[in-house]
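Here is start16.txt, consisting of compact mmCIF, C-alpha atoms:
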```txt
# COMPACT_ATOMS: atom_id res chain seq x y z
CA MET A 1460 -72.24 -19.26 -36.54
CA LYS A 1461 -68.88 -20.56 -37.77
CA ILE A 1462 -67.25 -17.23 -36.87
CA LYS A 1463 -68.57 -17.46 -33.28
CA ILE A 1464 -67.26 -21.01 -32.94
CA ILE A 1465 -63.82 -19.97 -34.22
CA ILE A 1466 -63.65 -17.01 -31.83
CA LEU A 1467 -64.71 -19.23 -28.89
CA ALA A 1468 -62.06 -21.77 -29.85
CA ILE A 1469 -59.37 -19.09 -29.95
CA VAL A 1470 -60.38 -17.74 -26.53
CA THR A 1471 -60.45 -21.26 -25.06
CA LEU A 1472 -57.04 -22.04 -26.56
CA SER A 1473 -55.61 -18.82 -25.13
CA ILE A 1474 -56.87 -19.66 -21.63
CA TYR A 1475 -55.34 -23.13 -21.68
CA SER A 1476 -52.02 -22.03 -23.24
CA CYS A 1477 -51.32 -19.22 -20.69
CA ASN A 1478 -50.75 -20.50 -17.16
CA SER A 1479 -51.52 -18.17 -14.27
CA SER A 1480 -48.78 -19.81 -12.18
CA GLY A 1481 -45.66 -21.88 -12.69
CA GLY A 1482 -42.21 -22.73 -11.47
CA VAL A 1483 -41.58 -24.35 -8.12
CA TYR A 1484 -39.87 -23.59 -4.82
CA LEU A 1485 -37.55 -26.48 -3.94
CA GLY A 1486 -36.09 -25.20 -0.65
CA GLU A 1487 -36.78 -26.78 2.69
CA GLY A 1488 -39.79 -25.90 4.82
CA GLU A 1489 -43.51 -25.50 4.40
CA ASN A 1490 -43.16 -23.70 1.05
CA ASN A 1491 -41.50 -26.66 -0.64
CA GLY A 1492 -43.34 -27.54 -3.85
CA LYS A 1493 -45.31 -24.29 -4.11
CA SER A 1494 -45.52 -22.49 -7.43
CA TYR A 1495 -45.14 -18.82 -8.34
CA SER A 1496 -47.45 -16.27 -9.91
CA ILE A 1497 -46.61 -12.95 -11.52
CA GLY A 1498 -46.78 -10.16 -8.94
CA ASP A 1499 -48.35 -6.75 -9.24
CA ASP A 1500 -47.25 -3.47 -10.80
CA ALA A 1501 -46.88 -1.81 -7.40
CA SER A 1502 -43.83 -3.98 -6.66
CA THR A 1503 -42.30 -3.08 -10.00
CA LYS A 1504 -42.85 0.63 -9.31
CA ALA A 1505 -41.27 0.26 -5.86
CA VAL A 1506 -38.04 -1.15 -7.32
CA MET A 1507 -37.99 1.53 -10.02
CA GLY A 1508 -38.39 4.12 -7.24
CA ILE A 1509 -35.46 2.63 -5.35
CA ALA A 1510 -33.34 2.74 -8.53
CA GLU A 1511 -34.18 6.39 -9.11
CA ALA A 1512 -33.50 7.45 -5.51
CA TYR A 1513 -30.30 5.39 -5.49
CA SER A 1514 -29.08 7.06 -8.69
CA ASN A 1515 -29.92 10.48 -7.23
CA GLN A 1516 -27.95 9.55 -4.08
CA ASP A 1517 -31.04 10.45 -2.06
CA ALA A 1518 -30.55 8.38 1.10
CA GLU A 1519 -33.78 9.57 2.72
CA GLN A 1520 -35.81 8.50 -0.30
CA VAL A 1521 -34.02 5.16 -0.57
CA ILE A 1522 -34.67 4.18 3.03
CA SER A 1523 -38.32 5.21 2.71
CA TYR A 1524 -38.74 1.98 0.73
CA TYR A 1525 -37.20 -0.13 3.53
CA ASP A 1526 -39.06 -1.88 6.33
CA ALA A 1527 -37.71 -1.13 9.81
CA SER A 1528 -36.66 -4.77 10.22
CA PHE A 1529 -34.44 -4.51 7.14
CA LEU A 1530 -33.10 -1.06 7.95
CA GLY A 1531 -31.86 -2.10 11.39
CA GLU A 1532 -30.13 0.10 13.93
CA ASN A 1533 -27.41 1.47 11.62
CA GLY A 1534 -29.19 1.16 8.26
CA LYS A 1535 -29.76 4.87 7.77
CA ALA A 1536 -26.18 5.86 8.63
CA ASP A 1537 -24.76 3.03 6.50
CA THR A 1538 -26.89 4.03 3.50
CA GLU A 1539 -25.89 7.69 3.82
CA ALA A 1540 -22.20 6.78 4.14
CA TRP A 1541 -22.37 4.45 1.14
CA LEU A 1542 -24.04 6.96 -1.18
CA SER A 1543 -21.86 9.87 -0.04
CA SER A 1544 -18.69 7.88 -0.77
CA MET A 1545 -19.30 8.38 -4.51
CA ASN A 1546 -19.21 11.28 -6.94
CA SER A 1547 -21.99 9.57 -8.84
CA ILE A 1548 -23.84 6.27 -9.10
CA SER A 1549 -26.39 5.06 -11.61
CA MET A 1550 -28.66 2.04 -11.39
CA LYS A 1551 -30.51 1.38 -14.65
CA PRO A 1552 -32.88 -1.62 -14.53
CA TYR A 1553 -33.50 -3.30 -17.88
CA LYS A 1554 -35.71 -6.14 -16.67
CA ILE A 1555 -38.01 -6.39 -13.62
CA VAL A 1556 -40.10 -9.48 -12.83
CA PRO A 1557 -42.29 -9.40 -9.68
CA LEU A 1558 -43.17 -12.85 -8.35
CA SER A 1559 -45.56 -14.06 -5.69
CA LEU A 1560 -45.06 -17.43 -4.01
CA ASN A 1561 -48.55 -18.87 -3.97
CA GLY A 1562 -50.07 -18.93 -0.51
CA GLN A 1563 -47.58 -16.44 0.92
CA GLU A 1564 -47.84 -12.72 1.62
CA GLY A 1565 -45.39 -10.32 0.04
CA GLN A 1566 -43.51 -10.56 -3.23
CA GLN A 1567 -40.07 -11.27 -4.61
CA VAL A 1568 -38.93 -8.90 -7.33
CA LEU A 1569 -36.20 -10.11 -9.69
CA THR A 1570 -34.31 -7.17 -11.16
CA TRP A 1571 -31.57 -7.04 -13.80
CA SER A 1572 -29.71 -3.74 -14.07
CA LYS A 1573 -26.57 -1.96 -15.24
CA GLU A 1574 -24.78 -0.05 -12.50
CA GLU A 1575 -21.84 2.38 -12.56
CA ARG A 1576 -20.09 3.67 -9.46
CA ASP A 1577 -17.62 6.58 -9.54
CA TYR A 1578 -16.01 6.75 -6.09
CA LYS A 1579 -14.54 9.87 -4.52
CA ASN A 1580 -11.34 7.93 -3.80
CA GLY A 1581 -10.79 7.46 -7.56
CA SER A 1582 -12.04 3.89 -7.84
CA TYR A 1583 -14.59 2.90 -10.47
CA GLU A 1584 -16.96 -0.03 -10.93
CA LYS A 1585 -19.16 -1.07 -13.82
CA LEU A 1586 -21.47 -3.96 -13.02
CA ASP A 1587 -24.21 -6.07 -14.54
CA LEU A 1588 -26.42 -7.06 -11.61
CA MET A 1589 -29.14 -9.58 -10.92
CA GLU A 1590 -30.92 -8.76 -7.68
CA MET A 1591 -33.85 -10.03 -5.67
CA PHE A 1592 -35.86 -7.62 -3.52
CA PHE A 1593 -38.14 -9.18 -0.90
CA LEU A 1594 -41.19 -6.98 -0.31
CA ASN A 1595 -43.75 -7.44 2.45
CA LYS A 1596 -47.50 -6.96 2.19
CA ALA A 1597 -47.07 -3.20 2.69
CA GLY A 1598 -44.63 -3.04 -0.24
CA LYS A 1599 -41.57 -2.38 1.93
CA VAL A 1600 -38.21 -4.11 1.39
CA THR A 1601 -37.53 -6.75 4.05
CA GLY A 1602 -34.63 -8.55 2.37
CA PHE A 1603 -32.19 -8.33 -0.51
CA LYS A 1604 -29.80 -10.58 -2.44
CA GLN A 1605 -27.41 -9.72 -5.23
CA TRP A 1606 -25.44 -11.53 -7.94
CA ARG A 1607 -23.08 -9.71 -10.26
CA ALA A 1608 -21.00 -9.92 -13.41
CA ILE A 1609 -17.95 -7.64 -13.26
CA ASP A 1610 -16.98 -5.57 -16.29
CA SER A 1611 -13.32 -5.68 -17.37
CA VAL A 1612 -12.96 -1.89 -16.98
CA ASN A 1613 -13.22 -2.12 -13.16
CA PHE A 1614 -10.23 -1.06 -11.07
CA GLY A 1615 -10.83 -3.97 -8.71
CA ALA A 1616 -11.21 -7.69 -9.39
CA SER A 1617 -11.78 -10.83 -7.34
CA SER A 1618 -8.70 -12.54 -8.77
CA GLY A 1619 -5.40 -11.51 -10.30
CA GLY A 1620 -1.66 -11.79 -10.19
CA LYS A 1621 0.09 -14.96 -11.29
CA TYR A 1622 1.60 -17.97 -9.56
CA PHE A 1623 4.91 -19.22 -11.00
CA GLY A 1624 6.35 -21.59 -8.39
CA LYS A 1625 10.01 -22.40 -7.86
CA THR A 1626 9.63 -25.12 -10.47
CA PRO A 1627 6.87 -25.54 -13.11
CA GLY A 1628 3.93 -27.53 -11.79
CA GLU A 1629 0.19 -28.06 -11.77
CA PHE A 1630 -0.59 -24.54 -10.55
CA THR A 1631 1.92 -22.61 -12.66
CA GLY A 1632 0.26 -19.72 -14.47
CA ARG A 1633 -2.88 -19.59 -12.34
CA PRO A 1634 -4.07 -16.32 -10.77
CA PHE A 1635 -4.57 -15.71 -7.07
CA MET A 1636 -7.86 -14.97 -5.38
CA PHE A 1637 -8.82 -13.89 -1.88
CA SER A 1638 -9.29 -16.73 0.56
CA ASN A 1639 -12.27 -16.66 2.89
CA ARG A 1640 -11.87 -19.19 5.67
CA ASN A 1641 -11.77 -16.64 8.49
CA GLU A 1642 -7.96 -16.41 8.33
CA THR A 1643 -7.87 -12.65 8.92
CA GLU A 1644 -9.93 -12.83 12.11
CA MET A 1645 -7.95 -15.84 13.32
CA LEU A 1646 -4.65 -14.00 12.94
CA GLU A 1647 -6.05 -10.90 14.65
CA THR A 1648 -7.19 -13.07 17.56
CA MET A 1649 -3.87 -14.92 17.68
CA VAL A 1650 -1.94 -11.63 17.81
CA GLY A 1651 -4.08 -10.59 20.78
CA HIS A 1652 -3.19 -13.79 22.65
CA TYR A 1653 0.47 -13.42 21.61
CA ASN A 1654 0.66 -9.95 23.15
CA LYS A 1655 -0.72 -11.38 26.40
CA LEU A 1656 1.97 -14.12 26.33
CA ASP A 1657 -0.82 -16.73 26.36
CA VAL A 1658 1.08 -19.59 24.77
CA LYS A 1659 -1.75 -22.11 25.17
CA ALA A 1660 -4.18 -19.89 23.22
CA VAL A 1661 -1.55 -19.14 20.55
CA SER A 1662 -0.63 -22.79 20.00
CA ALA A 1663 -4.30 -23.63 19.30
CA PHE A 1664 -3.96 -21.88 15.94
CA PHE A 1665 -1.10 -24.13 14.81
CA ALA A 1666 -1.02 -27.61 13.31
CA ASP A 1667 0.46 -30.60 15.12
CA GLN A 1668 3.71 -30.10 13.18
CA VAL A 1669 4.95 -26.60 12.36
CA THR A 1670 7.76 -25.44 10.07
CA ILE A 1671 9.21 -21.98 10.67
CA ASN A 1672 11.48 -20.41 8.06
CA ASP A 1673 12.85 -17.46 10.00
CA TYR A 1674 14.33 -14.20 8.70
CA GLN A 1675 17.90 -15.47 9.24
CA GLY A 1676 17.36 -18.37 6.87
CA LYS A 1677 16.99 -21.01 9.56
CA VAL A 1678 14.43 -23.78 9.17
CA ILE A 1679 12.91 -24.80 12.49
CA LYS A 1680 10.54 -27.77 12.76
CA LEU A 1681 8.48 -28.01 15.92
CA SER A 1682 5.66 -30.09 17.26
CA ASN A 1683 2.71 -28.16 18.64
CA LYS A 1684 3.71 -29.23 22.16
CA GLU A 1685 7.16 -27.69 21.69
CA LEU A 1686 5.55 -24.28 21.21
CA ALA A 1687 4.98 -24.26 24.98
CA GLY A 1688 8.41 -22.67 25.53
CA LEU A 1689 7.79 -19.86 23.03
CA PHE A 1690 7.65 -17.09 25.64
CA ASP A 1691 10.15 -18.43 28.18
CA SER A 1692 12.67 -15.66 27.53
CA TYR A 1693 10.14 -12.82 27.04
CA LYS A 1694 9.23 -10.19 29.59
CA SER A 1695 6.73 -8.51 27.27
CA VAL A 1696 5.89 -8.33 23.59
CA THR A 1697 4.01 -5.92 21.34
CA TRP A 1698 3.04 -7.23 17.92
CA THR A 1699 1.21 -4.71 15.72
CA PRO A 1700 -0.17 -5.79 12.32
CA TYR A 1701 -0.18 -3.21 9.51
CA SER A 1702 -1.99 -5.35 6.94
CA ILE A 1703 -3.35 -8.90 6.56
CA ILE A 1704 -4.03 -10.34 3.10
CA PRO A 1705 -5.42 -13.91 2.79
CA ILE A 1706 -4.93 -15.45 -0.67
CA LYS A 1707 -5.06 -18.81 -2.42
CA ILE A 1708 -4.31 -20.11 -5.89
CA ALA A 1709 -7.43 -20.06 -8.06
CA ASN A 1710 -9.05 -23.44 -8.79
CA SER A 1711 -7.06 -25.25 -6.13
CA ASP A 1712 -7.98 -26.77 -2.78
CA ALA A 1713 -8.83 -24.64 0.25
CA ALA A 1714 -5.27 -24.39 1.62
CA SER A 1715 -4.25 -20.75 1.75
CA GLY A 1716 -1.44 -18.32 2.53
CA VAL A 1717 -1.86 -15.12 4.50
CA MET A 1718 0.60 -12.25 4.06
CA MET A 1719 0.93 -10.13 7.18
CA TYR A 1720 3.03 -6.95 7.37
CA SER A 1721 3.67 -5.96 10.99
CA ASN A 1722 5.97 -4.56 13.64
CA GLU A 1723 7.07 -6.66 16.59
CA ARG A 1724 8.86 -5.47 19.72
CA ARG A 1725 10.10 -7.99 22.27
CA VAL A 1726 11.47 -7.07 25.68
CA LEU A 1727 13.51 -9.99 26.93
CA LYS A 1728 14.04 -10.98 30.57
CA SER A 1729 17.76 -10.38 30.01
CA GLY A 1730 17.02 -6.72 29.37
CA LYS A 1731 17.63 -6.83 25.63
CA ILE A 1732 15.08 -5.38 23.23
CA TRP A 1733 14.35 -6.99 19.85
CA GLU A 1734 12.29 -4.92 17.40
CA LYS A 1735 11.75 -5.43 13.68
CA GLU A 1736 9.31 -4.80 10.89
CA LEU A 1737 8.18 -8.17 9.57
CA MET A 1738 6.70 -9.53 6.38
CA GLU A 1739 5.41 -13.02 7.03
CA MET A 1740 3.47 -15.67 5.16
CA PHE A 1741 1.29 -17.95 7.28
CA TYR A 1742 0.25 -21.11 5.44
CA PHE A 1743 -3.10 -22.51 6.58
CA ASN A 1744 -3.62 -26.21 5.83
CA LEU A 1745 -6.90 -27.88 4.89
CA ASP A 1746 -7.84 -28.13 8.57
CA GLY A 1747 -7.53 -24.36 8.93
CA LYS A 1748 -4.38 -24.60 11.07
CA ILE A 1749 -1.06 -22.82 10.51
CA SER A 1750 1.44 -25.41 9.28
CA THR A 1751 4.25 -23.18 7.98
CA VAL A 1752 5.52 -19.66 8.67
CA THR A 1753 7.98 -17.92 6.33
CA GLN A 1754 9.47 -14.71 7.72
CA PHE A 1755 11.36 -11.71 6.37
CA ALA A 1756 12.54 -8.80 8.49
CA ARG A 1757 14.23 -5.43 8.53
```

Can you present the structure in this file as structure tokens?
Amino acid sequence: MKIKIIILAIVTLSIYSCNSSGGVYLGEGENNGKSYSIGDDASTKAVMGIAEAYSNQDAEQVISYYDASFLGENGKADTEAWLSSMNSISMKPYKIVPLSLNGQEGQQVLTWSKEERDYKNGSYEKLDLMEMFFLNKAGKVTGFKQWRAIDSVNFGASSGGKYFGKTPGEFTGRPFMFSNRNETEMLETMVGHYNKLDVKAVSAFFADQVTINDYQGKVIKLSNKELAGLFDSYKSVTWTPYSIIPIKIANSDAASGVMMYSNERRVLKSGKIWEKELMEMFYFNLDGKISTVTQFAR
């Protein structure tokens, strides 16, 4: 009798010590406050299938796991182009946790994996990834998110270089990183307006006060209103960017500098033609406006 009681006690203790659900969703909306449960093996197998097809560079097999809503209009072509850009790629999951948000259809599969990418262009990446696959009721991928830790052997990095400054200061010794405040698109758009001699549209990209350090060493300070006469002597202009690189000093405020290498050809009303290759730095202030331009030419 004592043995039966002990066994019953152990079983009871096991039931109460192992929760069937836990955690909490804290985002906005109707799911706020809901808990999670462990998902099923089918979701785990689906992600393992994706990893295998991905490593085999089998685009057809990879997209067979995708829902049409996730694949989109160009999903197949994009997947084929991505996989064919590499000599080899390997995705090796080392931890997969399928989760179900209680009361909702579908599952979220957390996946940790090691990935290596050997590109045909000679580049190489080695990554430690944490990914979330969103699967619908049919087990098809409807969404995807990725977080990554970058191995030091990679040919590319999100930061690098070194800032010295003309004199030692707060930022001396810090690396640079890419800036991402839409500077590239803004400059592309501005160049389009510039080539149309649309001074009003061009001036909208500049701050109220602008400093121009031109290629001859002159320092010109203008108000935004004074930019109105920018094209007075021009008959036509063709400004062609070769490259645009937005950067900022790491661990500093959002102000940034954008290096643009370009060719500019100006036909003046006098009949003269001005044409040079330019290397320019456009400084974007905290309001996202160009406050300073520094120019070099040949």

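Compared by their closest atoms to Ile1509 in chain A, and using only C-alpha atoms, the residues A:Asn1533, A:Gly1598, A:Lys1579, A:Met1719 rank with A:Gly1598 nearest.
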
Each residue of range 1656-1678 of chain A with at least one atom at most 9 Å from range 1724-1745 of chain A should appear once, together with its nearest atom pair and the corresponding distance in Å (one decimal); atoms considered: all atoms listed in the file; ordering: chain, then increasing residue number; output as JSON lines.
```
{"residue": "A:Phe1665", "atom": "CA", "partner": "A:Phe1743", "partner_atom": "CA", "distance": 8.6}
{"residue": "A:Ala1666", "atom": "CA", "partner": "A:Asn1744", "partner_atom": "CA", "distance": 8.0}
{"residue": "A:Tyr1674", "atom": "CA", "partner": "A:Leu1737", "partner_atom": "CA", "distance": 8.7}
```

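Nearest to Gly1481 in chain A of all the residues A:Ala1505, A:Ile1679, A:Met1645, A:Leu1560 is A:Leu1560, counting all atoms listed in the file.
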
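Interatomic distance, CA of Pro1700 in chain A against CA of Ser1544 in chain A: 26.5 Å.
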
Between CA of Arg1757 in chain A and CA of Thr1643 in chain A, what is the distance, to one decimal in Å? 23.3 Å

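Excluding Leu1686 in chain A itself and any same-chain residue fewer than 3 positions from it, the protein and nucleic acid residues within 9 Å of it, counting all atoms listed in the file, are A:Val1658, A:Lys1659, A:Val1661, A:Ser1662, A:Leu1681, A:Ser1682, A:Asn1683, A:Leu1689, A:Phe1690.
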
Quick one: residues within 10 Å of Lys1680 in chain A, only C-alpha atoms counted, chain neighbours fewer than 2 positions away excluded, as a PyMOL selection string? chain A and resi 1668-1672+1677-1678+1682-1683+1685+1751

Looking at A:Gln1675, A:Thr1601, A:Thr1699, A:Thr1631, which one is nearest to Tyr1524 in chain A, with distances taken over only C-alpha atoms?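 Closest to Tyr1524 in chain A, using only C-alpha atoms: A:Thr1601.
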
Taking all atoms listed in the file into account, name the residue in A:Val1717, A:Ala1608, A:Leu1586, A:Ile1708 that is nearest to Met1636 in chain A.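 Closest residue, counting all atoms listed in the file: A:Ile1708.
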
Restricting to all atoms listed in the file, whichever of A:Ala1501, A:Arg1576, A:Gly1602, A:Ile1704 is closest to Gly1531 in chain A is A:Gly1602

Distance of CA of Leu1656 in chain A from CA of Ser1702 in chain A, expressed in Å to one decimal place: 21.6 Å

Between A:Lys1625, A:Gly1562, A:Ser1695, A:Lys1554, single out the one closest to Ser1494 in chain A, counting only C-alpha atoms.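 Between A:Lys1625, A:Gly1562, A:Ser1695, A:Lys1554, the residue approaching Ser1494 in chain A most closely is A:Gly1562.
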
Please list as a list of chain:residue names every residue within 12 Å of Asp1517 in chain A, counting all atoms listed in the file and excluding residues in the same chain fewer than 4 positions away. A:Gly1508, A:Ile1509, A:Ala1510, A:Glu1511, A:Ala1512, A:Tyr1513, A:Val1521, A:Ile1522, A:Ser1523, A:Tyr1524, A:Lys1535, A:Thr1538, A:Glu1539, A:Ala1540, A:Trp1541, A:Leu1542, A:Ser1543, A:Ser1547, A:Ile1548, A:Ser1549
